[in-house]
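K.L.:
Coordinates in data-v6.cif, mmCIF, C-alpha atoms and all ligand atoms, are listed below.
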```cif
data_data
#
loop_
_atom_site.label_atom_id
_atom_site.label_comp_id
_atom_site.auth_asym_id
_atom_site.auth_seq_id
_atom_site.Cartn_x
_atom_site.Cartn_y
_atom_site.Cartn_z
CA MET A 1 35.27 43.70 323.73
CA SER A 2 37.29 46.57 322.23
CA SER A 3 37.91 48.31 325.51
CA ALA A 4 38.68 47.19 329.01
CA THR A 5 35.41 48.01 330.80
CA GLU A 6 33.28 46.18 333.29
CA VAL A 7 30.17 46.42 331.18
CA GLN A 8 30.05 44.05 328.26
CA SER A 9 30.36 46.11 325.10
CA ASP A 10 31.99 46.55 321.73
CA ILE A 11 32.79 50.20 321.17
CA ARG A 12 35.55 52.26 319.57
CA ASP A 13 37.36 53.68 322.59
CA ILE A 14 36.27 54.04 326.21
CA SER A 15 38.57 57.02 326.70
CA LEU A 16 36.15 59.09 324.57
CA ALA A 17 33.61 58.94 327.44
CA PRO A 18 34.23 62.43 328.94
CA GLU A 19 33.38 64.15 325.63
CA GLY A 20 30.34 61.89 325.27
CA ILE A 21 29.12 62.82 328.75
CA ARG A 22 29.44 66.54 327.98
CA ARG A 23 27.51 66.17 324.74
CA ILE A 24 24.80 63.96 326.26
CA GLN A 25 24.25 66.61 328.95
CA TRP A 26 24.10 69.35 326.31
CA ALA A 27 21.39 67.45 324.42
CA ALA A 28 19.50 66.89 327.69
CA ARG A 29 18.94 70.68 327.98
CA GLU A 30 16.69 70.43 324.92
CA MET A 31 14.86 67.30 326.06
CA PRO A 32 12.61 68.48 328.92
CA VAL A 33 9.74 66.09 328.18
CA LEU A 34 12.01 63.06 328.26
CA GLN A 35 13.50 64.44 331.47
CA LEU A 36 10.05 64.55 333.12
CA ILE A 37 9.40 61.00 331.98
CA ARG A 38 12.77 59.94 333.33
CA GLU A 39 11.95 61.43 336.73
CA ARG A 40 8.59 59.68 336.82
CA PHE A 41 10.17 56.43 335.66
CA ALA A 42 12.73 56.67 338.47
CA ARG A 43 9.86 56.95 340.99
CA GLU A 44 7.46 54.42 339.49
CA GLN A 45 9.83 51.83 337.97
CA PRO A 46 7.41 50.81 335.16
CA LEU A 47 10.11 48.82 333.35
CA LYS A 48 11.57 47.15 336.42
CA GLY A 49 13.64 44.13 335.43
CA ILE A 50 12.51 44.24 331.79
CA ARG A 51 15.25 43.12 329.41
CA MET A 52 15.34 45.42 326.39
CA ALA A 53 17.30 45.41 323.13
CA ALA A 54 17.38 48.82 321.44
CA CYS A 55 18.65 49.12 317.87
CA LEU A 56 18.85 52.90 317.40
CA HIS A 57 21.24 55.50 316.05
CA VAL A 58 23.73 55.85 318.88
CA THR A 59 23.53 59.61 319.39
CA THR A 60 23.38 61.99 322.33
CA GLU A 61 19.59 61.93 322.10
CA THR A 62 19.44 58.14 322.13
CA ALA A 63 21.72 58.18 325.16
CA ASN A 64 19.16 60.32 327.00
CA LEU A 65 16.44 57.84 326.07
CA ALA A 66 18.55 54.92 327.26
CA ILE A 67 19.20 56.69 330.56
CA ALA A 68 15.43 57.26 331.00
CA LEU A 69 14.69 53.59 330.28
CA GLN A 70 17.37 52.55 332.73
CA ALA A 71 15.88 54.91 335.34
CA GLY A 72 12.57 53.10 334.79
CA GLY A 73 14.22 49.83 335.77
CA ALA A 74 14.97 48.40 332.31
CA ASP A 75 18.01 46.25 331.62
CA VAL A 76 18.74 47.83 328.25
CA ARG A 77 21.37 46.93 325.66
CA ILE A 78 22.02 49.03 322.58
CA CYS A 79 23.27 48.37 319.08
CA ALA A 80 23.39 50.73 316.09
CA SER A 81 20.64 51.00 313.49
CA ASN A 82 23.10 52.21 310.86
CA PRO A 83 26.81 51.47 310.42
CA LEU A 84 27.72 55.15 310.00
CA SER A 85 25.53 56.89 312.58
CA THR A 86 27.24 55.87 315.83
CA GLN A 87 28.78 58.69 317.83
CA ASP A 88 31.72 56.84 319.35
CA ASP A 89 32.06 59.24 322.29
CA VAL A 90 28.42 58.68 323.19
CA ALA A 91 28.86 54.91 323.03
CA ALA A 92 31.86 55.26 325.35
CA ALA A 93 29.91 57.43 327.81
CA LEU A 94 26.97 55.03 327.91
CA VAL A 95 29.28 52.17 328.75
CA GLY A 96 31.72 53.94 331.04
CA GLU A 97 29.49 56.42 332.86
CA TYR A 98 26.02 54.91 332.77
CA GLY A 99 26.84 51.20 332.73
CA ILE A 100 24.70 50.55 329.66
CA PRO A 101 26.06 47.85 327.30
CA VAL A 102 26.60 49.18 323.76
CA PHE A 103 27.60 47.26 320.66
CA ALA A 104 28.30 49.86 317.99
CA ILE A 105 31.30 51.37 316.26
CA CYS A 106 31.06 54.14 313.67
CA GLY A 107 32.14 52.79 310.27
CA GLU A 108 31.62 49.14 311.19
CA ASP A 109 31.30 46.77 308.22
CA GLY A 110 28.16 44.78 307.43
CA GLU A 111 29.35 41.69 309.25
CA THR A 112 30.15 43.61 312.44
CA TYR A 113 26.85 45.48 312.21
CA TYR A 114 24.90 42.21 312.31
CA LYS A 115 27.22 40.69 314.93
CA HIS A 116 26.39 43.69 317.12
CA ILE A 117 22.66 43.10 316.69
CA GLN A 118 23.23 39.52 317.83
CA GLN A 119 25.13 40.74 320.89
CA ALA A 120 22.37 43.18 321.77
CA ILE A 121 19.79 40.37 321.86
CA GLU A 122 22.03 37.89 323.67
CA HIS A 123 20.32 38.53 327.02
CA GLY A 124 16.98 37.34 325.61
CA PRO A 125 15.00 40.60 325.36
CA GLN A 126 11.40 40.93 326.52
CA LEU A 127 11.00 44.22 324.66
CA THR A 128 12.65 45.34 321.43
CA MET A 129 13.09 48.90 320.23
CA ASP A 130 13.92 49.34 316.56
CA ASP A 131 14.69 52.08 314.07
CA GLY A 132 14.28 50.28 310.75
CA ALA A 133 13.17 46.85 312.05
CA ASP A 134 16.58 45.17 311.90
CA VAL A 135 16.24 43.59 315.36
CA VAL A 136 12.76 42.29 314.58
CA ALA A 137 14.01 40.91 311.25
CA THR A 138 17.07 39.26 312.85
CA ILE A 139 15.00 37.65 315.61
CA HIS A 140 12.37 36.39 313.16
CA LYS A 141 14.92 35.08 310.65
CA GLU A 142 17.73 33.80 312.84
CA ARG A 143 16.80 33.71 316.52
CA ARG A 144 13.25 32.44 316.69
CA GLU A 145 13.91 30.77 320.03
CA LEU A 146 13.92 34.29 321.54
CA LEU A 147 10.33 34.99 320.46
CA LYS A 148 8.82 33.21 323.45
CA ASP A 149 10.06 35.81 325.96
CA ILE A 150 9.21 38.90 323.91
CA VAL A 151 6.04 40.75 324.90
CA GLY A 152 6.33 43.49 322.29
CA GLY A 153 8.44 45.97 320.43
CA THR A 154 8.47 49.55 319.25
CA GLU A 155 9.43 50.92 315.85
CA GLU A 156 10.71 54.43 315.28
CA THR A 157 10.66 55.05 311.57
CA THR A 158 8.41 55.04 308.49
CA THR A 159 10.51 52.44 306.67
CA GLY A 160 10.41 50.10 309.67
CA VAL A 161 6.65 50.49 310.03
CA ILE A 162 6.20 49.58 306.35
CA ARG A 163 8.31 46.44 306.84
CA LEU A 164 6.48 45.44 310.00
CA ARG A 165 3.00 46.00 308.56
CA ALA A 166 4.00 43.74 305.66
CA MET A 167 5.05 41.09 308.20
CA ALA A 168 1.76 41.43 310.12
CA LYS A 169 -0.23 41.18 306.88
CA ASP A 170 1.56 37.92 306.01
CA GLY A 171 0.88 36.56 309.51
CA ALA A 172 4.65 36.49 310.01
CA LEU A 173 4.90 38.89 312.96
CA GLY A 174 5.76 37.03 316.16
CA TYR A 175 4.81 39.72 318.69
CA PRO A 176 2.93 43.06 318.85
CA ILE A 177 4.65 46.20 317.65
CA LEU A 178 3.92 49.78 318.52
CA ALA A 179 4.49 52.08 315.54
CA ILE A 180 6.01 55.12 317.25
CA ASN A 181 6.38 56.85 313.88
CA GLN A 182 2.59 57.12 313.61
CA SER A 183 2.27 59.35 316.68
CA LEU A 184 1.58 62.93 315.61
CA THR A 185 4.16 64.22 318.08
CA LYS A 186 6.67 62.03 316.27
CA HIS A 187 6.24 62.31 312.51
CA LEU A 188 4.91 65.87 312.30
CA PHE A 189 8.01 67.15 314.06
CA ASP A 190 10.87 64.65 313.80
CA ASN A 191 10.23 63.71 310.17
CA ARG A 192 9.48 67.25 309.04
CA TYR A 193 11.53 69.68 311.13
CA GLY A 194 14.14 67.16 312.28
CA THR A 195 14.89 65.70 308.86
CA GLY A 196 14.46 69.12 307.28
CA GLN A 197 17.16 70.77 309.35
CA SER A 198 19.53 67.83 309.84
CA THR A 199 19.59 66.83 306.16
CA VAL A 200 20.50 70.32 305.06
CA ASP A 201 22.98 70.41 307.95
CA GLY A 202 24.58 67.15 306.71
CA ILE A 203 24.89 68.43 303.15
CA ILE A 204 26.41 71.69 304.30
CA ARG A 205 28.81 70.10 306.80
CA ALA A 206 29.96 67.60 304.16
CA THR A 207 30.40 70.05 301.29
CA ASN A 208 30.25 73.62 302.62
CA VAL A 209 28.46 74.59 299.38
CA LEU A 210 26.22 77.64 299.18
CA LEU A 211 22.62 76.56 298.70
CA ALA A 212 21.40 79.95 297.47
CA GLY A 213 20.79 79.78 293.75
CA LYS A 214 21.37 76.04 293.45
CA VAL A 215 18.83 73.71 291.86
CA PHE A 216 18.06 71.40 294.77
CA VAL A 217 16.13 68.25 293.86
CA VAL A 218 14.12 66.52 296.59
CA GLY A 219 13.02 62.97 295.78
CA GLY A 220 9.81 62.32 297.73
CA TYR A 221 7.32 64.69 299.34
CA GLY A 222 6.37 62.80 302.48
CA TRP A 223 6.87 64.53 305.83
CA CYS A 224 10.66 64.22 305.49
CA GLY A 225 10.74 65.52 301.92
CA ARG A 226 8.51 68.46 302.85
CA GLY A 227 10.86 69.39 305.64
CA VAL A 228 13.93 69.30 303.45
CA ALA A 229 12.26 71.16 300.56
CA THR A 230 11.08 73.92 302.90
CA ARG A 231 14.45 74.37 304.59
CA ALA A 232 16.39 74.30 301.30
CA ARG A 233 14.06 76.98 299.94
CA GLY A 234 14.65 78.99 303.09
CA LEU A 235 18.35 79.07 302.22
CA GLY A 236 17.64 80.34 298.74
CA ALA A 237 17.78 77.16 296.69
CA GLN A 238 15.49 76.64 293.70
CA VAL A 239 13.75 73.50 294.90
CA VAL A 240 12.45 70.82 292.53
CA VAL A 241 10.30 68.00 293.92
CA THR A 242 9.85 64.56 292.35
CA GLU A 243 6.96 62.33 293.41
CA VAL A 244 4.99 59.25 292.36
CA ASP A 245 1.93 60.05 294.50
CA PRO A 246 -0.37 62.48 292.65
CA VAL A 247 -1.81 63.99 295.86
CA LYS A 248 1.60 64.68 297.33
CA ALA A 249 2.81 66.00 293.98
CA LEU A 250 -0.15 68.39 293.88
CA GLU A 251 0.57 69.48 297.41
CA ALA A 252 4.17 70.22 296.45
CA VAL A 253 2.97 72.28 293.48
CA MET A 254 0.62 74.31 295.67
CA ASP A 255 3.33 74.72 298.28
CA GLY A 256 5.14 76.55 295.50
CA PHE A 257 7.70 73.96 294.36
CA ARG A 258 8.48 72.89 290.80
CA VAL A 259 7.43 69.28 290.29
CA MET A 260 8.72 67.05 287.51
CA PRO A 261 9.89 63.46 286.94
CA MET A 262 13.40 62.57 288.10
CA ALA A 263 14.39 62.05 284.46
CA GLU A 264 13.76 65.77 283.85
CA ALA A 265 15.30 66.88 287.12
CA ALA A 266 18.48 64.82 286.63
CA PRO A 267 20.15 67.04 284.00
CA ILE A 268 19.31 70.33 285.78
CA GLY A 269 19.97 69.50 289.44
CA ASP A 270 23.01 70.70 291.37
CA ILE A 271 22.14 68.81 294.56
CA PHE A 272 19.94 65.72 294.91
CA VAL A 273 18.45 64.22 298.07
CA THR A 274 16.25 61.14 298.24
CA LEU A 275 13.73 60.59 301.05
CA THR A 276 11.20 58.10 299.77
CA GLY A 277 11.70 54.76 301.56
CA ASP A 278 11.90 53.10 298.15
CA CYS A 279 14.80 51.77 296.10
CA HIS A 280 16.58 53.28 293.07
CA VAL A 281 14.83 56.64 293.13
CA ILE A 282 18.04 57.81 291.51
CA ASP A 283 18.72 55.08 288.98
CA ARG A 284 21.30 54.42 286.26
CA ALA A 285 19.59 56.60 283.63
CA HIS A 286 19.44 59.53 286.07
CA LEU A 287 23.12 59.16 286.94
CA GLU A 288 23.92 59.12 283.23
CA ALA A 289 22.01 62.37 282.72
CA MET A 290 23.40 64.38 285.65
CA LYS A 291 25.75 67.26 285.03
CA SER A 292 29.35 67.16 286.12
CA GLY A 293 29.71 68.37 289.70
CA ALA A 294 26.30 67.19 290.84
CA ILE A 295 26.08 66.32 294.54
CA ILE A 296 24.00 63.28 295.48
CA ALA A 297 22.75 62.37 298.94
CA ASN A 298 20.18 60.16 300.59
CA SER A 299 18.23 60.85 303.76
CA GLY A 300 15.90 57.85 303.62
CA HIS A 301 16.47 55.00 306.06
CA PHE A 302 18.29 52.54 303.80
CA ASP A 303 21.17 53.12 301.40
CA ASN A 304 19.25 51.72 298.43
CA GLU A 305 17.50 54.90 297.25
CA ILE A 306 20.45 55.68 294.98
CA ASN A 307 21.50 52.88 292.65
CA LEU A 308 25.03 52.61 294.01
CA LYS A 309 25.90 49.58 291.90
CA ALA A 310 25.10 51.57 288.77
CA LEU A 311 27.14 54.49 290.08
CA ASP A 312 30.10 52.16 290.62
CA SER A 313 29.76 50.52 287.24
CA LEU A 314 29.39 53.83 285.38
CA SER A 315 32.49 55.25 287.03
CA GLU A 316 36.16 54.57 286.48
CA GLY A 317 37.01 55.04 290.12
CA LYS A 318 36.27 57.06 293.21
CA LYS A 319 38.29 58.97 295.73
CA ARG A 320 37.47 60.59 299.06
CA VAL A 321 37.83 64.33 298.56
CA ARG A 322 36.47 65.48 301.94
CA ASP A 323 35.07 63.71 304.98
CA SER A 324 31.79 62.11 303.83
CA VAL A 325 32.34 63.11 300.16
CA ASP A 326 33.36 60.59 297.48
CA GLU A 327 34.18 61.87 293.99
CA TYR A 328 33.20 59.45 291.24
CA LEU A 329 35.01 59.92 287.94
CA MET A 330 32.50 58.82 285.33
CA GLY A 331 33.46 57.03 282.12
CA ASP A 332 32.54 60.13 280.09
CA GLY A 333 34.71 62.44 282.17
CA ARG A 334 31.97 63.89 284.42
CA LYS A 335 32.48 63.98 288.17
CA LEU A 336 29.65 63.12 290.57
CA TYR A 337 29.87 63.56 294.33
CA LEU A 338 28.22 61.05 296.67
CA LEU A 339 27.72 62.06 300.31
CA GLY A 340 27.92 59.68 303.26
CA GLU A 341 28.25 56.61 301.03
CA GLY A 342 24.56 56.98 300.20
CA ARG A 343 23.57 56.40 303.82
CA LEU A 344 21.41 58.79 305.86
CA VAL A 345 23.30 62.02 305.22
CA ASN A 346 21.91 63.71 308.33
CA LEU A 347 23.49 61.09 310.57
CA ALA A 348 26.53 60.15 308.48
CA ALA A 349 27.67 63.73 307.90
CA ALA A 350 25.96 65.59 310.78
CA GLU A 351 24.53 64.66 314.18
CA GLY A 352 21.02 63.61 313.18
CA HIS A 353 17.91 65.46 314.27
CA PRO A 354 18.34 68.11 316.92
CA ALA A 355 17.51 67.12 320.48
CA ALA A 356 14.39 69.33 320.67
CA VAL A 357 12.51 67.10 318.21
CA MET A 358 14.05 63.85 319.43
CA ASP A 359 12.63 64.89 322.82
CA MET A 360 9.15 64.16 321.49
CA SER A 361 10.12 61.10 319.44
CA PHE A 362 11.81 59.53 322.41
CA ALA A 363 9.08 60.58 324.82
CA ASN A 364 6.86 58.46 322.56
CA GLN A 365 9.40 55.61 322.70
CA ALA A 366 9.61 55.70 326.49
CA MET A 367 5.83 55.97 326.97
CA GLY A 368 5.44 53.30 324.28
CA ALA A 369 7.68 50.87 326.15
CA GLU A 370 5.62 51.48 329.29
CA TRP A 371 2.35 51.08 327.35
CA ILE A 372 3.41 47.71 325.96
CA VAL A 373 4.44 46.44 329.38
CA GLN A 374 1.03 47.49 330.75
CA ASN A 375 -1.06 46.25 327.81
CA HIS A 376 0.74 43.32 326.20
CA ALA A 377 -1.66 40.69 327.53
CA LYS A 378 -4.47 42.31 325.47
CA LEU A 379 -2.47 42.72 322.26
CA GLU A 380 -2.43 40.59 319.11
CA LYS A 381 0.61 40.06 316.90
CA GLN A 382 -0.22 43.22 315.00
CA VAL A 383 1.07 46.74 314.51
CA TYR A 384 -0.49 49.24 316.95
CA GLU A 385 -0.36 52.99 317.47
CA LEU A 386 -0.14 54.83 320.77
CA PRO A 387 -3.50 56.22 321.95
CA HIS A 388 -4.15 59.83 320.94
CA GLU A 389 -4.23 60.91 324.62
CA VAL A 390 -0.52 60.05 324.87
CA ASP A 391 0.18 62.27 321.87
CA GLU A 392 -1.79 65.09 323.49
CA GLU A 393 0.02 64.65 326.78
CA ILE A 394 3.43 64.82 325.08
CA ALA A 395 2.37 67.93 323.15
CA ARG A 396 1.11 69.60 326.34
CA LEU A 397 4.31 68.79 328.20
CA LYS A 398 6.37 70.18 325.33
CA LEU A 399 4.33 73.39 325.16
CA HIS A 400 4.61 73.76 328.93
CA ALA A 401 8.39 73.31 328.74
CA MET A 402 8.50 75.96 326.02
CA GLY A 403 6.51 78.36 328.22
CA ILE A 404 3.58 78.45 325.79
CA ARG A 405 0.00 78.46 327.08
CA ILE A 406 -3.05 77.64 324.98
CA ASP A 407 -6.80 78.02 325.27
CA TYR A 408 -9.24 75.46 326.62
CA LEU A 409 -12.75 74.88 325.35
CA THR A 410 -15.43 76.56 327.44
CA ASP A 411 -18.35 74.39 328.59
CA GLU A 412 -20.48 76.18 325.98
CA GLN A 413 -18.00 75.37 323.21
CA GLN A 414 -17.71 71.78 324.36
CA ARG A 415 -21.51 71.43 324.26
CA TYR A 416 -21.63 73.03 320.80
CA LEU A 417 -19.12 70.54 319.42
CA THR A 418 -21.03 67.57 320.72
CA SER A 419 -24.53 68.69 319.75
CA TRP A 420 -26.18 68.34 316.35
CA GLU A 421 -29.19 70.57 316.91
CA GLU A 422 -27.57 73.95 316.47
CA GLY A 423 -27.04 75.15 312.90
CA THR A 424 -27.68 78.15 310.62
N1 LIG A 501 17.22 59.75 313.95
C1 LIG A 501 17.39 60.94 313.37
N2 LIG A 501 18.08 61.76 314.17
C2 LIG A 501 18.36 61.07 315.31
C3 LIG A 501 19.05 61.38 316.49
N3 LIG A 501 19.58 62.58 316.70
N4 LIG A 501 19.14 60.42 317.42
C4 LIG A 501 18.59 59.22 317.22
N5 LIG A 501 17.93 58.87 316.12
C5 LIG A 501 17.81 59.79 315.16
#
```
Would you encode the structure as structure tokens?
P.N.:
Amino acid sequence: MSSATEVQSDIRDISLAPEGIRRIQWAAREMPVLQLIRERFAREQPLKGIRMAACLHVTTETANLAIALQAGGADVRICASNPLSTQDDVAAALVGEYGIPVFAICGEDGETYYKHIQQAIEHGPQLTMDDGADVVATIHKERRELLKDIVGGTEETTTGVIRLRAMAKDGALGYPILAINQSLTKHLFDNRYGTGQSTVDGIIRATNVLLAGKVFVVGGYGWCGRGVATRARGLGAQVVVTEVDPVKALEAVMDGFRVMPMAEAAPIGDIFVTLTGDCHVIDRAHLEAMKSGAIIANSGHFDNEINLKALDSLSEGKKRVRDSVDEYLMGDGRKLYLLGEGRLVNLAAAEGHPAAVMDMSFANQAMGAEWIVQNHAKLEKQVYELPHEVDEEIARLKLHAMGIRIDYLTDEQQRYLTSWEEGT
């Protein structure tokens, strides 16, 4: 334990707790749906006595989720889902103020990162909550004896869902998983508006460069890429999109973006961001072609979207020139700038998605945990999605909190939609 606290933990510094508490409360203002769920959980105790291990980015928003789960009766432990995303003051507040065990330190090395995952599962979880499937992978590879107590898990992100579906397809998944990312109230908002704003925020906080007039290359036009492309355009950048999927590429064209292969974008780009979920989207040849001064960032889950080994081997050395900015001096004299060590730039260099979108993502997580507890006996070792009614309920609660009213179908309209006899 790094700090003298009663709750078992491994965090940077418990004395950071007061700042963490202030920031957690600030985020809570923008999380009304999670707040309603927390109040209901406190009354109904749907997670009473359930041991949970949550591997999430340790942010103010995650803290509000953890507090809601705890209110619902869960015995929750938290570790980080990325070595650079932990907000140390939040970790301190969770431990010191809320009595929630946290194992996460910003900047931890790979060994500590995995040690923390082990500590988070030490109590033998019955439910896991992942952002990138690292807990599921650790349990399946190294701690199989824990499988017997686990009734299910949730997964937050696209990359994790891809990993878990591959496991289910191979018959390797040991318990049912709820793919939170697939909820509409998650990916349409968190992936698009959350990643859109927070990625641009991370690039700006790290570099303070003006985006207007820059050639801004977005690798990948999924929901995250769309969000980033749209926001970068809003700030006046000339946005170029690269894609491998012809439908998404066409969509990007018709959304008004220039589309070309990365090999063509590499020599003209000023700023590059990858958001594909795949490896080496920016590869050696692209790094060789980039102009001096190019800024490179990743906002996909893992730090493998940029070929960092090639970057190292092509360069004669690197130095930190600002927080979250490493200058690589290339063999041919060019300088390339890597943000956040190639890890999620929105969390490494900024604070991740704003609370207003995490409100819906984490409402899905909380309702998902409850849904698994209620339904696990009926579930196979497969990847599931939350029922659409839950999505609709979360959307209605969010609209209500925003003071926005909508129409309802009249009986006549309802009849029209369900009949086949009426036509031209
Ligand atoms: N993923 C992206 N942004 C996040 C945030 N603010 N908190 C937790 N997970 C996140």
K.L.:
Pick out the closest residue to Arg334 in chain A from this set: A:Ala401, A:Val241, A:Ala289, A:Ala93. Count all atoms listed in the file.
P.N.:
A:Ala289
K.L.:
For each of A:Glu421, A:Asp359, A:Glu44, A:Glu156, take the minimum atom-to-atom distance to Ala63 in chain A, counting only C-alpha atoms, then give the residue where this is smallest.
P.N.:
A:Asp359
K.L.:
With only C-alpha atoms and all ligand atoms counted and 9 Å as the cut-off, give the residues of chain A in contact with ligand LIG 501 (chain A), each with its shortest interatomic distance in Å and the pair that gives it, as a tab-separated table.
P.N.:
```
residue	atom	partner	partner_atom	distance
A:Leu56	CA	A:LIG501	N5	6.2
A:His57	CA	A:LIG501	C4	4.7
A:Val58	CA	A:LIG501	C4	6.4
A:Thr59	CA	A:LIG501	N4	4.9
A:Thr60	CA	A:LIG501	N4	6.7
A:Glu61	CA	A:LIG501	N4	4.9
A:Thr62	CA	A:LIG501	C4	5.1
A:Ala63	CA	A:LIG501	N4	8.5
A:Ser81	CA	A:LIG501	N5	8.7
A:Ser85	CA	A:LIG501	N5	8.6
A:Asp131	CA	A:LIG501	N5	7.8
A:Glu156	CA	A:LIG501	N1	8.5
A:Thr157	CA	A:LIG501	N1	8.4
A:Asp190	CA	A:LIG501	C1	7.5
A:Asn191	CA	A:LIG501	C1	8.3
A:Gly194	CA	A:LIG501	N2	6.9
A:Thr195	CA	A:LIG501	C1	7.0
A:Ser198	CA	A:LIG501	N2	7.6
A:Leu344	CA	A:LIG501	C1	8.8
A:Asn346	CA	A:LIG501	N2	7.3
A:Leu347	CA	A:LIG501	N2	6.5
A:Glu351	CA	A:LIG501	N3	5.9
A:Gly352	CA	A:LIG501	N2	3.6
A:His353	CA	A:LIG501	N2	3.7
A:Pro354	CA	A:LIG501	N3	5.7
A:Ala355	CA	A:LIG501	N3	6.3
A:Val357	CA	A:LIG501	N3	8.5
A:Met358	CA	A:LIG501	N3	6.3
A:Ser361	CA	A:LIG501	N5	8.8
A:Phe362	CA	A:LIG501	C4	8.5
```
K.L.:
Would you export the selected residues with C-alpha atoms as a PDB file, in the coordinates of the input, please?
P.N.:
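Contents of the output file part-v4.pdb:
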```
ATOM      1  CA  LEU A  56      18.850  52.900 317.400  1.00  0.00           C
ATOM      2  CA  HIS A  57      21.240  55.500 316.050  1.00  0.00           C
ATOM      3  CA  VAL A  58      23.730  55.850 318.880  1.00  0.00           C
ATOM      4  CA  THR A  59      23.530  59.610 319.390  1.00  0.00           C
ATOM      5  CA  THR A  60      23.380  61.990 322.330  1.00  0.00           C
ATOM      6  CA  GLU A  61      19.590  61.930 322.100  1.00  0.00           C
ATOM      7  CA  THR A  62      19.440  58.140 322.130  1.00  0.00           C
ATOM      8  CA  ALA A  63      21.720  58.180 325.160  1.00  0.00           C
ATOM      9  CA  SER A  81      20.640  51.000 313.490  1.00  0.00           C
ATOM     10  CA  SER A  85      25.530  56.890 312.580  1.00  0.00           C
ATOM     11  CA  ASP A 131      14.690  52.080 314.070  1.00  0.00           C
ATOM     12  CA  GLU A 156      10.710  54.430 315.280  1.00  0.00           C
ATOM     13  CA  THR A 157      10.660  55.050 311.570  1.00  0.00           C
ATOM     14  CA  ASP A 190      10.870  64.650 313.800  1.00  0.00           C
ATOM     15  CA  ASN A 191      10.230  63.710 310.170  1.00  0.00           C
ATOM     16  CA  GLY A 194      14.140  67.160 312.280  1.00  0.00           C
ATOM     17  CA  THR A 195      14.890  65.700 308.860  1.00  0.00           C
ATOM     18  CA  SER A 198      19.530  67.830 309.840  1.00  0.00           C
ATOM     19  CA  LEU A 344      21.410  58.790 305.860  1.00  0.00           C
ATOM     20  CA  ASN A 346      21.910  63.710 308.330  1.00  0.00           C
ATOM     21  CA  LEU A 347      23.490  61.090 310.570  1.00  0.00           C
ATOM     22  CA  GLU A 351      24.530  64.660 314.180  1.00  0.00           C
ATOM     23  CA  GLY A 352      21.020  63.610 313.180  1.00  0.00           C
ATOM     24  CA  HIS A 353      17.910  65.460 314.270  1.00  0.00           C
ATOM     25  CA  PRO A 354      18.340  68.110 316.920  1.00  0.00           C
ATOM     26  CA  ALA A 355      17.510  67.120 320.480  1.00  0.00           C
ATOM     27  CA  VAL A 357      12.510  67.100 318.210  1.00  0.00           C
ATOM     28  CA  MET A 358      14.050  63.850 319.430  1.00  0.00           C
ATOM     29  CA  SER A 361      10.120  61.100 319.440  1.00  0.00           C
ATOM     30  CA  PHE A 362      11.810  59.530 322.410  1.00  0.00           C
TER      31      PHE A 362
END
```
K.L.:
Find the residues around Ala104 in chain A up to 8 Å (all atoms listed in the file counted), leave out those fewer than 3 positions away in its own chain, and share them as a list of chain:residue names.
P.N.:
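In the requested form, the answer reads A:Asp10, A:Ile11, A:Arg12, A:Val58, A:Ile78, A:Cys79, A:Ala80, A:Pro83, A:Thr86, A:Asp88, A:Ala91, A:Glu108, A:Tyr113, A:His116.
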K.L.:
As a PyMOL selection string, please: the residues near Arg226 in chain A (cut-off 12 Å, all atoms listed in the file, same-chain neighbours under 3 positions excluded).
P.N.:
chain A and resi 187-197+199+217-223+229-233+239-243+248-249+251-253+255-257+273-276
K.L.:
Return the single residue from A:Ala366, A:Leu34, A:Val90, A:Asp312 that is closest to Leu69 in chain A, with distances computed using all atoms listed in the file.
P.N.:
A:Ala366
K.L.:
Have a look at A:Met262, A:Ala42, A:Val215, A:Ala348 and name the one nearest to Gly107 in chain A; count only C-alpha atoms.
P.N.:
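Result for the nearest residue to Gly107 in chain A: A:Ala348.
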K.L.:
May I have the residues within 9 Å of range 318-324 of chain A as a short mmCIF file (atom, residue, chain, number, x, y, z; two decimals) with C-alpha atoms, in the frame of the given file, using all atoms listed in the file and disregarding those fewer than 6 positions away in the same chain?
P.N.:
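Wrote out-v2.cif, looks like this:
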```cif
data_model
loop_
_atom_site.label_atom_id
_atom_site.label_comp_id
_atom_site.auth_asym_id
_atom_site.auth_seq_id
_atom_site.Cartn_x
_atom_site.Cartn_y
_atom_site.Cartn_z
CA ALA A 206 29.96 67.60 304.16
CA THR A 207 30.40 70.05 301.29
CA ASP A 312 30.10 52.16 290.62
CA MET A 330 32.50 58.82 285.33
CA LEU A 338 28.22 61.05 296.67
CA LEU A 339 27.72 62.06 300.31
CA GLY A 340 27.92 59.68 303.26
CA GLU A 341 28.25 56.61 301.03
CA VAL A 345 23.30 62.02 305.22
CA ALA A 348 26.53 60.15 308.48
CA ALA A 349 27.67 63.73 307.90
#
```
